[in-house]
Amino acid sequence: MSQRQRRMLEDKFAREGRLPPGQSLTLKFPVLHYGRVPETNLETWTLRAFGLVDEERTWTWQEFTSLPVTTVTCDIHCVTRWSKFDTIWEGVSFREFARLAGVRPEARYVIVHCEQGYTTNLPLDVMLDHDVLLAYRYDGKPLDPDHGFPLRTLVPKRYFWKSAKWVRGIEFAAEDRPGFWERAGYHNNGDPWQEQRFAPR
């Protein structure tokens, strides 16, 4: 694609209200993460729901992928200023997961636990939006390891670091607890439309 064609597409998405401030179009899917890409054995992989739930619960890969599948088409926006449009994801609706987990009324936040001790955090009401997934397929195929295989969160209305890769546990909590990038100076909320890239000083 030429520079002119790319700029025309950017202008189109901006006019449609789909390009947040400070963002640029990409047709690629850049790979960004801290640390190494973990190796995963699906025979031993599990996903845990814990914290403020009626009863702690664990799913095997086979059990989790037997849950009802939801497809979401959305735009994604990275804090490093790229945006990718009309991406297609499949997985389990977070609303459905929370229902199955039996989230207690006093829960207000979700702490996502991933491989290598990585965490990120968001309010429960944000995670219960209709387009939030526990995603395991992208563009009709299983996730690539670089993009979170076997499971990641998808939170389209937040910068993409909030869509955590290599998820192993979902904790429901009464109080907020900033995660890896939030403790490193990124904004706790991460709304691209508000350009919430870094924590206020």
# chains A, B, ... in the order shown; residues from 1 in each chain; ligands from 1
>>> select_by_dssp(residues="range 12-186 of chain A", states="strand (DSSP E)", output="number ranges by chain")
A: 24-25, 46-51, 57-60, 70-77, 82-93, 109-114, 119-123, 133-138, 141-142, 152-154, 167-173
>>> select_by_dssp(residues="range 65-105 of chain A", states="alpha helix (DSSP H)", output="JSON, numbers by chain")
{"A": [94, 95, 96, 97, 98, 99, 100, 101]}
>>> atom_distance(atom1="CA of Asp86 in chain A", atom2="CA of Arg197 in chain A")
22.4 Å
>>> residues_around(residues="Val92 in chain A", least_positions_apart="4", cutoff="6 Å", atoms="only C-alpha atoms", output="list in words")
Val69, Thr70, Leu133 and Leu134 of chain A
>>> write_last_selection(atoms="C-alpha atoms", output="PDB file, in the first residue's frame")
ATOM      1  CA  VAL A  69     -18.073 -19.418  21.335  1.00  0.00           C
ATOM      2  CA  THR A  70     -18.527 -15.704  20.663  1.00  0.00           C
ATOM      3  CA  LEU A 133     -13.508 -11.896  25.264  1.00  0.00           C
ATOM      4  CA  LEU A 134     -11.246 -14.556  26.594  1.00  0.00           C
TER       5      LEU A 134
END
>>> closest_residue(among="A:Ala184, A:Leu100, A:Cys114, A:Leu128", to="Leu151 in chain A", atoms="only C-alpha atoms")
A:Cys114
>>> closest_residue(among="A:Val155, A:Ala135, A:Leu143, A:Ile170", to="Ala101 in chain A", atoms="only C-alpha atoms")
A:Ile170
>>> closest_residue(among="A:Pro21, A:Pro123, A:Gly102, A:Gly117", to="Gly51 in chain A", atoms="only C-alpha atoms")
A:Gly102
>>> atom_distance(atom1="CA of Arg99 in chain A", atom2="CA of Glu175 in chain A")
19.8 Å
>>> residues_around(residues="Thr87 in chain A", least_positions_apart="2", cutoff="12 Å", atoms="only C-alpha atoms", output="PyMOL selection string")
chain A and resi 26-29+71-77+83-85+89-90+137-140+154+156
>>> write_last_selection(atoms="C-alpha atoms", output="PDB file, in the first residue's frame")
ATOM      1  CA  THR A  26      -1.220  -0.377  10.469  1.00  0.00           C
ATOM      2  CA  LEU A  27      -2.057  -3.317   8.205  1.00  0.00           C
ATOM      3  CA  LYS A  28       0.415  -5.535  10.057  1.00  0.00           C
ATOM      4  CA  PHE A  29       0.022  -7.010  13.534  1.00  0.00           C
ATOM      5  CA  THR A  71     -17.074 -13.864  17.651  1.00  0.00           C
ATOM      6  CA  VAL A  72     -16.107 -10.197  17.920  1.00  0.00           C
ATOM      7  CA  THR A  73     -15.028  -7.885  15.088  1.00  0.00           C
ATOM      8  CA  CYS A  74     -13.320  -4.792  16.457  1.00  0.00           C
ATOM      9  CA  ASP A  75     -10.577  -2.200  16.088  1.00  0.00           C
ATOM     10  CA  ILE A  76      -7.534  -2.458  18.361  1.00  0.00           C
ATOM     11  CA  HIS A  77      -5.287   0.385  19.497  1.00  0.00           C
ATOM     12  CA  SER A  83      -4.280   1.003  15.310  1.00  0.00           C
ATOM     13  CA  LYS A  84      -5.501  -2.043  13.416  1.00  0.00           C
ATOM     14  CA  PHE A  85      -9.047  -2.117  12.090  1.00  0.00           C
ATOM     15  CA  TRP A  89     -11.559 -12.780  17.275  1.00  0.00           C
ATOM     16  CA  GLU A  90     -13.235 -15.873  18.719  1.00  0.00           C
ATOM     17  CA  ARG A 137      -8.642 -17.580  17.857  1.00  0.00           C
ATOM     18  CA  TYR A 138      -7.688 -14.646  15.633  1.00  0.00           C
ATOM     19  CA  ASP A 139      -8.610 -14.275  11.963  1.00  0.00           C
ATOM     20  CA  GLY A 140     -10.008 -17.804  11.864  1.00  0.00           C
ATOM     21  CA  LEU A 154      -9.547  -8.915  24.339  1.00  0.00           C
ATOM     22  CA  PRO A 156     -11.231  -3.396  22.546  1.00  0.00           C
TER      23      PRO A 156
END
>>> residues_around(residues="Leu32 in chain A", least_positions_apart="4", cutoff="12 Å", atoms="only C-alpha atoms", output="list in words")
Arg36, Val37, Cys78, Val79, Thr80, Trp82, Pro145, Asp146, His147, Gly148, Phe160, Trp161, Ser163, Ala164 and Lys165 of chain A
>>> write_last_selection(atoms="C-alpha atoms", output="compact mmCIF listing (two decimals), in the first residue's frame")
# COMPACT_ATOMS: atom_id res chain seq x y z
CA ARG A 36 10.11 -14.41 26.49
CA VAL A 37 7.27 -16.22 24.74
CA CYS A 78 -1.78 0.05 20.93
CA VAL A 79 -0.27 2.57 23.33
CA THR A 80 2.74 2.70 20.96
CA TRP A 82 -0.66 1.93 16.00
CA PRO A 145 2.46 -17.82 20.37
CA ASP A 146 3.69 -14.22 19.88
CA HIS A 147 0.11 -12.99 20.16
CA GLY A 148 -0.82 -14.91 23.29
CA PHE A 160 -3.96 -3.15 23.78
CA TRP A 161 -1.63 -3.82 26.73
CA SER A 163 -5.62 -7.28 26.41
CA ALA A 164 -3.21 -9.54 28.27
CA LYS A 165 -1.43 -12.45 26.60
>>> residues_around(residues="Leu124 in chain A", least_positions_apart="4", cutoff="7 Å", atoms="only C-alpha atoms", output="compact mmCIF listing (two decimals) with C-alpha atoms, in the first residue's frame")
# COMPACT_ATOMS: atom_id res chain seq x y z
CA ARG A 108 -15.43 -4.51 41.63
CA TYR A 109 -12.18 -5.30 39.80
CA VAL A 110 -10.61 -7.97 37.65
CA LEU A 128 -18.42 -7.00 31.38
>>> residues_around(residues="Arg104 in chain A", least_positions_apart="4", cutoff="7 Å", atoms="only C-alpha atoms", output="list in words")
Leu52, Val53 and Asp54 of chain A
>>> atom_distance(atom1="CA of Arg95 in chain A", atom2="CA of Val132 in chain A")
7.8 Å
>>> closest_atom_pairs(of="range 108-174 of chain A", to="range 41-50 of chain A", cutoff="8 Å", atoms="only C-alpha atoms", output="Markdown table")
| residue | atom | partner | partner_atom | distance |
| --- | --- | --- | --- | --- |
| A:Val167 | CA | A:Leu47 | CA | 7.5 |
| A:Arg168 | CA | A:Leu47 | CA | 4.8 |
| A:Gly169 | CA | A:Arg48 | CA | 4.5 |
| A:Ile170 | CA | A:Ala49 | CA | 4.9 |
| A:Glu171 | CA | A:Phe50 | CA | 5.0 |
| A:Phe172 | CA | A:Phe50 | CA | 6.4 |
